[in-house]
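Novice: The structure under discussion is supplied below as structure tokens; questions concerning it will follow.
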Amino acid sequence: MSGNLIPDFSNLKGALFSEIILNKFIEEETRHGQFDVVTETKNSLLHSSEGERKKALLNHIIAQKPDYLVIDNVFGNLDVLTQAHIEKEITQLSENTRIIQIANRQRDFLSFITEIWVFKEGQLEPFKETENSNSLNTSEGVQFVDTLPKVEHSAGEEEQSLVKFNNVSINYRERPILNSISWEIKSGEFWQLIGPNGSGKSTMLSMIFGDNPKAYGQDIILFGVKKGSGESIWDIKQKIGYFSSEMLRGFTRRDAIGNMIVSGFFDTVGLYKTPTNAQIKIAQHWLRVLNMFDIRKQCFLSLSRGHQRLVLIARAMVKNPPLLILDEPTNGLDDNDAALFCELINKIATETNTAILYVSHRKEGNLKPDNVFELTASDTGSTGAINFDF
Ligand SMILES: Nc1ncnc2c1ncn2[C@@H]1O[C@H](COP(=O)(O)OP(=O)(O)OP(=O)(O)O)[C@@H](O)[C@H]1O
């Protein structure tokens, strides 16, 4: 950064509180068995939840006594209690340490921050709350006018059970994580799964979508088939569209937007097979819904982060999967792009029979799930129940 916006810190000792630093420590652990950052549960960082990792990293940073601290979007997937804990620690630190916070959601601003600047078209400008009270507003926005591709449904499909957990309990070593969870997702339903960091949301997802060996021996029925009864992971994955913000790291190739969407039929990154005419038609339909038909040959990576996510949702949906799983999907988006993303998810919920499982403790203002399933953490493992007030 040039200019005199930020004072010269070159002679001061700085620290960075960010995903990048966390990932470096995780890499150190995995490669060299070096455990510099210690979590409350004394678990390795690799096997800890986001909240546990970030608390541990902050303690590590505070112990280094930096002169200034840069905080880069650390609140993304933290629950309210962990955020409050971290905010308290940083507020205390701010009494004698300079803090620069980088954030893309307005609600993440730390209360003691006195000066706010916003990036607009590559320039930093003072942020005026009155001008745009609702967001950091960097996206131009898309209205989804066209309806989604129509799919023929067979009789009785509406009431089908897709996922059924019956008294599922999971331990990691001696530690109970899930305690007797019973839950069912049926065709066409729209669920949000919430729960504090470390309560077991990812563990539950790995029972459905992943290959977690802990799932075997439990009473879990996926698409009418008992888990562990010889079903193939491939069969299950064929029935699920999946998106997580982590996925974007995997896409570094220079694929065109249109090809990216069509490749969803083949579950490949990049297009190696020739799609049928019917497949091309469906992909084109999605391009029109996203208002991207005219730019379909443009490189996927040239899109903004928010628009890349819309394309990946279309990619997950072209197969018309019975279940769409979204794991912390708005993580890293600004307010506008998150609202746009949720608008598309609401549209899928109302216009298709795909059931949606949206996993995030965050309440998105415009997201309209039908039901919310909440994990409540305790020493005997998390219990689960429908939350009617979220
Ligand atoms: N392979 C593992 N070995 C040991 N402990 C584990 C393992 N995987 C997860 N855990 C522990 O299980 C607990 C639940 O973790 P999980 O990642 O499912 O929580 P979460 O609700 O998804 O958290 P977050 O919102 O922070 O992502 C955590 O305390 C974590 O440390």
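In the structure tokens, chains take letters A, B, ... by order of appearance, with residues numbered from 1 within each chain and ligands from 1 in the order shown.
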Among the residues of segment 47-273 of chain A, find those DSSP assigns to strand (DSSP E) from the backbone and print them as a VMD selection string.
Specialist: chain A and resid 68 to 72 98 to 102 117 to 120 123 to 126 161 to 172 175 to 186 190 to 194 219 to 222 225 to 226 240 to 244
Novice: Could you list, as number ranges by chain, all protein and nucleic acid residues with an atom at most 7 Å from ligand 1, counting only C-alpha atoms and all ligand atoms?
Specialist: A: 43, 47-52, 77-78, 172-173, 177, 195-204
Novice: With only C-alpha atoms as the basis for distance, which of A:Phe109, A:Phe25, A:Phe75, A:Phe17 is at the shortest distance from Arg362 of chain A?
Specialist: A:Phe75
Novice: Leaving out Gly76 of chain A and any residue of its chain fewer than 6 positions from it, which residues lie within 10 Å of it when counting only C-alpha atoms, given as a ChimeraX atom specification?
Specialist: /A:50,83,103-105,108,328,330-333,362
Novice: For the selection just defined, write its residues with N, CA and C atoms to a file, as a PDB file, in the first residue's frame.
Specialist:
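Saved result, part01.pdb, follows:
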```pdb
ATOM      1  N   GLU A  50     -12.962 -24.843  13.856  1.00  0.00           N
ATOM      2  CA  GLU A  50     -12.518 -23.482  13.518  1.00  0.00           C
ATOM      3  C   GLU A  50     -12.349 -22.611  14.756  1.00  0.00           C
ATOM      4  N   GLN A  83     -16.866 -15.532  18.819  1.00  0.00           N
ATOM      5  CA  GLN A  83     -16.625 -14.160  18.341  1.00  0.00           C
ATOM      6  C   GLN A  83     -16.500 -13.212  19.526  1.00  0.00           C
ATOM      7  N   ALA A 103     -12.207  -6.643   6.907  1.00  0.00           N
ATOM      8  CA  ALA A 103     -13.480  -7.372   7.044  1.00  0.00           C
ATOM      9  C   ALA A 103     -14.325  -7.141   5.810  1.00  0.00           C
ATOM     10  N   ASN A 104     -15.152  -8.115   5.459  1.00  0.00           N
ATOM     11  CA  ASN A 104     -16.070  -7.851   4.347  1.00  0.00           C
ATOM     12  C   ASN A 104     -17.544  -7.913   4.740  1.00  0.00           C
ATOM     13  N   ARG A 105     -17.824  -8.200   6.008  1.00  0.00           N
ATOM     14  CA  ARG A 105     -19.215  -8.096   6.472  1.00  0.00           C
ATOM     15  C   ARG A 105     -19.264  -6.975   7.499  1.00  0.00           C
ATOM     16  N   ASP A 108     -19.196  -7.622  11.210  1.00  0.00           N
ATOM     17  CA  ASP A 108     -17.968  -8.126  11.823  1.00  0.00           C
ATOM     18  C   ASP A 108     -17.068  -7.009  12.364  1.00  0.00           C
ATOM     19  N   GLU A 328     -20.990 -23.816   5.015  1.00  0.00           N
ATOM     20  CA  GLU A 328     -20.500 -22.438   5.247  1.00  0.00           C
ATOM     21  C   GLU A 328     -20.356 -21.705   3.914  1.00  0.00           C
ATOM     22  N   THR A 330     -21.365 -18.871   2.513  1.00  0.00           N
ATOM     23  CA  THR A 330     -21.162 -17.430   2.303  1.00  0.00           C
ATOM     24  C   THR A 330     -19.870 -16.936   2.936  1.00  0.00           C
ATOM     25  N   ASN A 331     -19.095 -17.868   3.478  1.00  0.00           N
ATOM     26  CA  ASN A 331     -17.845 -17.493   4.120  1.00  0.00           C
ATOM     27  C   ASN A 331     -16.953 -16.713   3.145  1.00  0.00           C
ATOM     28  N   GLY A 332     -16.486 -15.541   3.552  1.00  0.00           N
ATOM     29  CA  GLY A 332     -15.576 -14.765   2.689  1.00  0.00           C
ATOM     30  C   GLY A 332     -16.297 -13.831   1.730  1.00  0.00           C
ATOM     31  N   LEU A 333     -17.632 -13.882   1.669  1.00  0.00           N
ATOM     32  CA  LEU A 333     -18.352 -12.970   0.768  1.00  0.00           C
ATOM     33  C   LEU A 333     -18.673 -11.662   1.487  1.00  0.00           C
ATOM     34  N   ARG A 362     -24.323 -18.898  11.092  1.00  0.00           N
ATOM     35  CA  ARG A 362     -24.681 -17.513  10.782  1.00  0.00           C
ATOM     36  C   ARG A 362     -26.114 -17.405  10.298  1.00  0.00           C
TER      37      ARG A 362
END
```
Novice: Looking only at the backbone, which of the residues in segment 154-295 of chain A does DSSP tag as alpha helix (DSSP H), as a PyMOL selection string?
Specialist: chain A and resi 201-208+233-238+257-262+277-289
Novice: Need the shell around Ile116 of chain A: protein/DNA/RNA residues with any atom at most 8 Å away, counting only C-alpha atoms. Skip same-chain ones fewer than 2 positions apart. Format as a list in words?
Specialist: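 The residues that qualify are Ile113, Thr114, Val118, Pro126 and Phe127 of chain A.
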Novice: Please identify all polymer residues within 8 Å of segment 277-288 of chain A, counting only C-alpha atoms, omitting same-chain residues fewer than 4 positions from it, and present them as a list in words.
Specialist: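 Listed by chain and then number, they are Asp146, Leu148, Pro149, Gly258, Ile261, Val262, Phe265, Met292, Phe293, Arg296, Ala314 and Val318 of chain A.
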Novice: Can you write out the residues you just picked, keeping C-alpha atoms, as an mmCIF file, in the first residue's frame?
Specialist:
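Final output, saved to selection_14.cif:
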```cif
data_model
loop_
_atom_site.group_PDB
_atom_site.id
_atom_site.type_symbol
_atom_site.label_atom_id
_atom_site.label_comp_id
_atom_site.auth_asym_id
_atom_site.auth_seq_id
_atom_site.Cartn_x
_atom_site.Cartn_y
_atom_site.Cartn_z
ATOM 1 C CA ASP A 146 -35.771 -16.553 -15.423
ATOM 2 C CA LEU A 148 -35.022 -22.695 -13.190
ATOM 3 C CA PRO A 149 -35.058 -25.675 -15.583
ATOM 4 C CA GLY A 258 -20.138 -22.462 -19.611
ATOM 5 C CA ILE A 261 -21.361 -25.550 -15.435
ATOM 6 C CA VAL A 262 -21.568 -28.479 -17.895
ATOM 7 C CA PHE A 265 -22.771 -33.610 -15.142
ATOM 8 C CA MET A 292 -24.196 -15.041 -17.696
ATOM 9 C CA PHE A 293 -25.178 -16.442 -21.086
ATOM 10 C CA ARG A 296 -20.286 -17.959 -21.074
ATOM 11 C CA ALA A 314 -25.360 -24.103 -11.011
ATOM 12 C CA VAL A 318 -27.393 -29.347 -13.314
#
```
Novice: Tell me, as a ChimeraX atom specification, which residues lie within 10 Å of Leu248 of chain A, counting only C-alpha atoms; anything in the same chain fewer than 6 positions away does not count.
Specialist: /A:301,305,308-309,312
Novice: Considering only C-alpha atoms, return as JSON, numbers by chain whatever protein or nucleic-acid residues lie within 12 Å of Ile90 of chain A, sequence-local ones (same chain, fewer than 2 positions apart) excluded.
Specialist: {"A": [17, 55, 58, 59, 61, 62, 68, 69, 70, 71, 74, 83, 84, 85, 86, 87, 88, 92, 93, 94, 95, 96, 97, 98, 99, 100, 101, 110, 111, 112, 113]}
Novice: My list of candidates is A:Ala15, A:Leu46, A:Leu375, A:Val225. Which is closest to Ser182 of chain A when distances are computed with only C-alpha atoms?
Specialist: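 Under the stated criterion, the closest residue is A:Leu375.
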Novice: Give the answer as one residue: which of A:Met247, A:Val38, A:Leu303, A:Ile233 has the shortest atom-to-atom distance to Ile208 of chain A, using only C-alpha atoms?
Specialist: A:Ile233
Novice: Suppose you want the space between atom CA of Ser382 of chain A and atom CA of Ile194 of chain A; what is it in Å?
Specialist: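 Between atom CA of Ser382 of chain A and atom CA of Ile194 of chain A the gap is 11.7 Å.
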Novice: Could you check which of A:Arg53, A:Gly306, A:Lys319, A:Asp79 is closest to Asn336 of chain A, using only C-alpha atoms?
Specialist: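 Closest residue, counting only C-alpha atoms: A:Gly306.
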Novice: Smallest atom-to-atom distance to Ile345 of chain A: which of A:Ile313, A:Ile240, A:Ala256, A:Leu323, using only C-alpha atoms?
Specialist: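 Ranked by minimum distance to Ile345 of chain A, first place goes to A:Ile313.
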